[in-house]
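Trainee: I have a structure here, written as structure tokens, and I will follow up with some questions on it.
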Amino acid sequence: MSEKKIKNIFVKGAIDPSFIAESIAKHSSKTEIGGHSIFLGQVRKDEIDGKSVSAIEYTAFEDLALEKMHEIRENIFEKYPLTCMHIYQSLGTVKTGEICLFVFTSSAHRKPAIDACEEVVERLKAELPIWGKELFEDGSHQWKENK
Amino acid sequence: MSEKKIKNIFVKGAIDPSFIAESIAKHSSKTEIGGHSIFLGQVRKDEIDGKSVSAIEYTAFEDLALEKMHEIRENIFEKYPLTCMHIYQSLGTVKTGEICLFVFTSSAHRKPAIDACEEVVERLKAELPIWGKELFEDGSHQWKENK
Amino acid sequence: MEIELLSFGKIAEFITVKRLMLDGISDTDGLKKHLEDKFPQLSEMKYKLAVDKRIIQENTILQNKAIIAIMPPFSGG
Amino acid sequence: MEIELLSFGKIAEFITVKRLMLDGISDTDGLKKHLEDKFPQLSEMKYKLAVDKRIIQENTILQNKAIIAIMPPFSGG
């Protein structure tokens with residue numbers, strides 16, 4: 001992991017469950033793995049002042065986000081004995097009920113995969129320059145804020 | 001959750017990634033969900049004294065396991081604000097690289113789903129009367145022990 | 001008194017009897033001693049008993065026709 | 001000195017200028033004051049600056065042709 005190979009994490013639009021299935025299936029040849037931990041973000045139909053969110057439109061400062069993600073990835077691999085880690089974040093429009101984030105970690109024993117997955121999700125939300133614009137059914141919008 | 005409806009968790013053989021994809025896809029209509037946490041157990045090709053595990057054969061005291069799982073499920077729903085929880089454990093033979101456990105929790109915000117998923121995995125492994133017999137390539141076997 | 005025996009995992013490899021007549025044994029402590037005498041391998045391992053599908057943590061009175069499960073450490077997941 | 005501006009999220013709705021000529025401003029503290037005077041909405045919100053793709057935590061000297069990103073709180077995931 002020491003050479004500076006920046007992996008892309010961004011995908012256009014929603015993440016399809018069949019893509020998640022393919023990702024999982026690819027790991028069947030990695031027979032040193034005993035546990036996978038997956039986090040999926042799904043766009044919630046929040047109601048604000050009687051208006052419903054119909055989609056979130058994601059934008060990012062992509063270069064900076066990928067560099068930051070690379071740094072997080074290296075930290076996480078140093079900290080946990082992981083076999084693999086895969087991260088996908090949507091850009092563009094993702095409708096309510098669709099998947100916008102897919103974090104996938106694997107390790108020989110369950111604990112590192114579980115802990116690393118949670119830490120990646122927290123750090124990604126706190127540190128990556130990505131913005132979600134909540135689009136309402138009436139055409140108005142508001143900017144999402146992470147808690 | 002108070003009526004005594006015991007759900008089955010056992011599936012025959014390995015859990016197919018396409019089944020996991022279908023499970024995820026079914027949640028797109030539950031638009032109050034913001035986060036899903038998934039744990040997958042995969043059969044590891046451990047080497048013991050130069051012999052490789054080729055599969056694990058799972059058996060269970062099914063009635064007791066399902067009652068215990070029901071109790072755990074009720075505890076978890078009392079403790080965390082979850083939208084849903086799904087649990088599948090293989091019985092019979094699961095080959096190395098295949099999935100033998102699928103725990104899937106969902107909630108409006110990420111934290112309850114993540115914490116509940118981890119707790120269910122820990123409790124399932126500690127409390128459910130299920131046994132894994134590690135089959136080696138040479139026809140011998142040993143009984144798995146959870147850590 | 002007659003009880004039904006269910007054995008699982010590694011224990012099912014050496015306790016294959018399904019029914020047991022018990023004389024002078026009235027509780028699970030007595031049953032454990034009886035089983036460990038009869039199956040010395042059992043005394044060398046950890047195991048739990050369930051009586052009528054309830055895992056027991058302490059000595060429990062046995063009823064006629066009780067179903068006793070003998071369970072080695074769990075290894076599901 | 002001339003700098004390039006990249007604005008994101010909510011901030012991109014009111015800071016649309018892409019280039020800025022700065023007179024008598026040599027660091028990010030000076031730039032922040034300048035931007036907040038020019039765009040009062042900015043002074044009412046939290047934001048971070050990145051200089052040449054590095055998020056800065058403290059006052060930083062600006063070079064000519066620097067690329068400055070103005071970023072509201074992140075909300076990815």
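We label chains A, B, ... in the order they appear in the structure tokens, count residues from 1 in each chain, and number ligands from 1 in the order shown.
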Which chain A residues are at most 12 Å from chain C (counting only C-alpha atoms), as a list in words?

Mentor: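 On the chain A side, the interface is Gly34, Gly35, His109 and Arg110 of chain A.
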
Trainee: Write out the residues from the selection above, keeping all heavy atoms, as a PDB file, in the first residue's frame.

Mentor:
ATOM      1  N   GLY A  34     -12.505 -14.823   6.557  1.00  0.00           N
ATOM      2  CA  GLY A  34     -13.504 -15.464   7.400  1.00  0.00           C
ATOM      3  C   GLY A  34     -14.719 -14.581   7.650  1.00  0.00           C
ATOM      4  O   GLY A  34     -15.780 -15.060   8.025  1.00  0.00           O
ATOM      5  N   GLY A  35     -14.544 -13.274   7.464  1.00  0.00           N
ATOM      6  CA  GLY A  35     -15.657 -12.367   7.730  1.00  0.00           C
ATOM      7  C   GLY A  35     -15.629 -11.120   6.860  1.00  0.00           C
ATOM      8  O   GLY A  35     -14.565 -10.568   6.590  1.00  0.00           O
ATOM      9  N   HIS A 109     -10.508 -12.927  10.617  1.00  0.00           N
ATOM     10  CA  HIS A 109     -11.444 -13.035  11.739  1.00  0.00           C
ATOM     11  C   HIS A 109     -12.341 -11.797  11.755  1.00  0.00           C
ATOM     12  O   HIS A 109     -11.980 -10.758  11.215  1.00  0.00           O
ATOM     13  CB  HIS A 109     -10.676 -13.212  13.045  1.00  0.00           C
ATOM     14  CG  HIS A 109      -9.866 -14.475  13.037  1.00  0.00           C
ATOM     15  ND1 HIS A 109     -10.399 -15.704  13.343  1.00  0.00           N
ATOM     16  CD2 HIS A 109      -8.570 -14.711  12.683  1.00  0.00           C
ATOM     17  CE1 HIS A 109      -9.471 -16.638  13.208  1.00  0.00           C
ATOM     18  NE2 HIS A 109      -8.351 -16.067  12.810  1.00  0.00           N
ATOM     19  N   ARG A 110     -13.526 -11.916  12.355  1.00  0.00           N
ATOM     20  CA  ARG A 110     -14.548 -10.897  12.152  1.00  0.00           C
ATOM     21  C   ARG A 110     -14.214  -9.499  12.669  1.00  0.00           C
ATOM     22  O   ARG A 110     -14.569  -8.503  12.064  1.00  0.00           O
ATOM     23  CB  ARG A 110     -15.889 -11.349  12.716  1.00  0.00           C
ATOM     24  CG  ARG A 110     -15.943 -11.492  14.257  1.00  0.00           C
ATOM     25  CD  ARG A 110     -17.240 -12.159  14.670  1.00  0.00           C
ATOM     26  NE  ARG A 110     -17.345 -12.427  16.086  1.00  0.00           N
ATOM     27  CZ  ARG A 110     -16.781 -13.454  16.722  1.00  0.00           C
ATOM     28  NH1 ARG A 110     -16.007 -14.296  16.065  1.00  0.00           N
ATOM     29  NH2 ARG A 110     -16.981 -13.629  18.017  1.00  0.00           N
TER      30      ARG A 110
END

Trainee: DSSP on the backbone, strand (DSSP E) only: what residues of chain A does that give? Format it as a ChimeraX atom specification.

Mentor: /A:10-12,35-42,47-48,51-60,82-95,99-107,130-136,141-143

Trainee: Show me, as number ranges by chain, the residues that have an atom within 12 Å of Glu44 (chain D) when counting only C-alpha atoms, minus same-chain residues fewer than 6 positions from it.

Mentor: D: 11, 35-37, 72

Trainee: How would chain C read as an mmCIF file with C-alpha atoms, in the first residue's frame once least-squares superposed on chain D using all paired C-alpha atoms?

Mentor:
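Saved file selection06.cif follows:
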data_model
loop_
_atom_site.group_PDB
_atom_site.id
_atom_site.type_symbol
_atom_site.label_atom_id
_atom_site.label_comp_id
_atom_site.auth_asym_id
_atom_site.auth_seq_id
_atom_site.Cartn_x
_atom_site.Cartn_y
_atom_site.Cartn_z
ATOM 1 C CA MET C 1 -2.000 38.595 -7.147
ATOM 2 C CA GLU C 2 -4.572 36.456 -8.874
ATOM 3 C CA ILE C 3 -6.139 33.345 -7.390
ATOM 4 C CA GLU C 4 -8.510 30.712 -8.712
ATOM 5 C CA LEU C 5 -11.658 30.048 -6.665
ATOM 6 C CA LEU C 6 -13.517 26.748 -6.401
ATOM 7 C CA SER C 7 -16.717 26.855 -4.395
ATOM 8 C CA PHE C 8 -18.812 23.864 -3.416
ATOM 9 C CA GLY C 9 -22.204 22.883 -2.052
ATOM 10 C CA LYS C 10 -24.305 25.657 -0.603
ATOM 11 C CA ILE C 11 -21.436 28.129 -1.073
ATOM 12 C CA ALA C 12 -21.443 27.557 -4.839
ATOM 13 C CA GLU C 13 -24.944 29.038 -4.844
ATOM 14 C CA PHE C 14 -23.705 32.508 -3.923
ATOM 15 C CA ILE C 15 -19.992 32.530 -4.775
ATOM 16 C CA THR C 16 -19.922 31.966 -8.491
ATOM 17 C CA VAL C 17 -16.810 33.972 -9.356
ATOM 18 C CA LYS C 18 -13.966 31.719 -10.538
ATOM 19 C CA ARG C 19 -11.049 34.132 -10.385
ATOM 20 C CA LEU C 20 -10.195 36.882 -7.963
ATOM 21 C CA MET C 21 -7.625 39.693 -8.082
ATOM 22 C CA LEU C 22 -6.297 40.336 -4.612
ATOM 23 C CA ASP C 23 -4.642 43.617 -3.629
ATOM 24 C CA GLY C 24 -2.921 43.834 -0.288
ATOM 25 C CA ILE C 25 -3.977 40.331 0.704
ATOM 26 C CA SER C 26 -1.194 37.842 1.271
ATOM 27 C CA ASP C 27 -2.626 35.039 3.379
ATOM 28 C CA THR C 28 -5.777 33.012 3.994
ATOM 29 C CA ASP C 29 -6.858 35.056 7.034
ATOM 30 C CA GLY C 30 -6.878 38.133 4.811
ATOM 31 C CA LEU C 31 -8.699 36.229 2.075
ATOM 32 C CA LYS C 32 -11.379 35.017 4.501
ATOM 33 C CA LYS C 33 -12.038 38.562 5.691
ATOM 34 C CA HIS C 34 -12.223 39.765 2.091
ATOM 35 C CA LEU C 35 -14.643 36.997 1.096
ATOM 36 C CA GLU C 36 -16.843 37.486 4.155
ATOM 37 C CA ASP C 37 -17.090 41.204 3.427
ATOM 38 C CA LYS C 38 -17.943 40.557 -0.179
ATOM 39 C CA PHE C 39 -20.320 37.633 0.528
ATOM 40 C CA PRO C 40 -22.000 38.271 3.901
ATOM 41 C CA GLN C 41 -23.726 34.830 3.815
ATOM 42 C CA LEU C 42 -20.301 33.249 4.170
ATOM 43 C CA SER C 43 -19.718 34.871 7.559
ATOM 44 C CA GLU C 44 -22.871 33.218 8.887
ATOM 45 C CA MET C 45 -21.769 29.676 8.137
ATOM 46 C CA LYS C 46 -19.016 27.204 8.853
ATOM 47 C CA TYR C 47 -16.592 26.605 6.047
ATOM 48 C CA LYS C 48 -13.067 25.401 5.359
ATOM 49 C CA LEU C 49 -10.488 26.456 2.836
ATOM 50 C CA ALA C 50 -8.172 24.259 0.824
ATOM 51 C CA VAL C 51 -5.103 25.805 -0.773
ATOM 52 C CA ASP C 52 -3.829 23.912 -3.803
ATOM 53 C CA LYS C 53 -5.873 20.864 -2.775
ATOM 54 C CA ARG C 54 -4.709 20.837 0.842
ATOM 55 C CA ILE C 55 -7.235 21.569 3.554
ATOM 56 C CA ILE C 56 -5.732 24.215 5.814
ATOM 57 C CA GLN C 57 -6.247 24.427 9.564
ATOM 58 C CA GLU C 58 -4.334 27.643 10.182
ATOM 59 C CA ASN C 59 -3.387 30.857 8.446
ATOM 60 C CA THR C 60 -1.418 30.141 5.258
ATOM 61 C CA ILE C 61 0.570 32.396 2.920
ATOM 62 C CA LEU C 62 -0.931 32.627 -0.553
ATOM 63 C CA GLN C 63 1.084 32.338 -3.752
ATOM 64 C CA ASN C 64 0.086 33.904 -7.038
ATOM 65 C CA LYS C 65 -2.126 31.511 -9.075
ATOM 66 C CA ALA C 66 -3.089 29.579 -5.934
ATOM 67 C CA ILE C 67 -6.223 27.457 -6.235
ATOM 68 C CA ILE C 68 -8.492 28.125 -3.274
ATOM 69 C CA ALA C 69 -11.435 25.833 -2.526
ATOM 70 C CA ILE C 70 -14.196 27.176 -0.271
ATOM 71 C CA MET C 71 -16.022 24.256 1.299
ATOM 72 C CA PRO C 72 -19.104 24.132 3.541
ATOM 73 C CA PRO C 73 -19.440 21.251 6.043
ATOM 74 C CA PHE C 74 -19.147 17.873 4.337
ATOM 75 C CA SER C 75 -22.195 15.681 3.895
ATOM 76 C CA GLY C 76 -21.090 12.655 1.922
ATOM 77 C CA GLY C 77 -22.040 9.082 2.658
#

Trainee: Using DSSP secondary structure from the backbone, list all alpha helix (DSSP H) positions within region 1-49 of chain B, as a PyMOL selection string.

Mentor: chain B and resi 17-25

Trainee: Can you list, as an MDAnalysis selection string, every protein, DNA or RNA residue that comes within 12 Å of Lys45 (chain A) when you count only C-alpha atoms, leaving out same-chain residues fewer than 5 positions away?

Mentor: (chainID A and resid 50:56 94:98 134:137) or (chainID B and resid 28:34 108)

Trainee: Any idea what's packed within 10 Å of Gln89 (chain B), counting only C-alpha atoms, ignoring anything in its chain fewer than 6 positions away? Could you give it as a list of chain:residue names?

Mentor: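 In the requested form, the answer reads B:Asn8, B:Ile9, B:Phe10, B:Val11, B:Lys12, B:Gly13, B:Ala14, B:Ile15, B:Leu40, B:Gly41, B:Tyr58, B:Ile99, B:Cys100, B:Leu101, B:Phe102, B:Val103, B:Leu124, B:Ile130, C:Gly76, C:Gly77.
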
Trainee: Hey, can you check how far CA of Asp16 (chain B) sits from CA of Glu57 (chain B)?

Mentor: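 Distance reported for this atom pair: 16.6 Å.
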
Trainee: Do you know which residues are at most 7 Å from Ala113 (chain A) counting only C-alpha atoms, after dropping those on the same chain fewer than 3 positions away, and could you put them as a count of residues only?

Mentor: 10

Trainee: Work out how far CA of Glu47 (chain B) is from CA of Lys26 (chain A), in Å to one decimal.

Mentor: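 Computed distance, CA of Lys26 (chain A) to CA of Glu47 (chain B), equals 21.9 Å.
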
Trainee: Just how far from CA of Glu62 (chain B) is CA of Val121 (chain B), in Å to one decimal?

Mentor: 17.5 Å
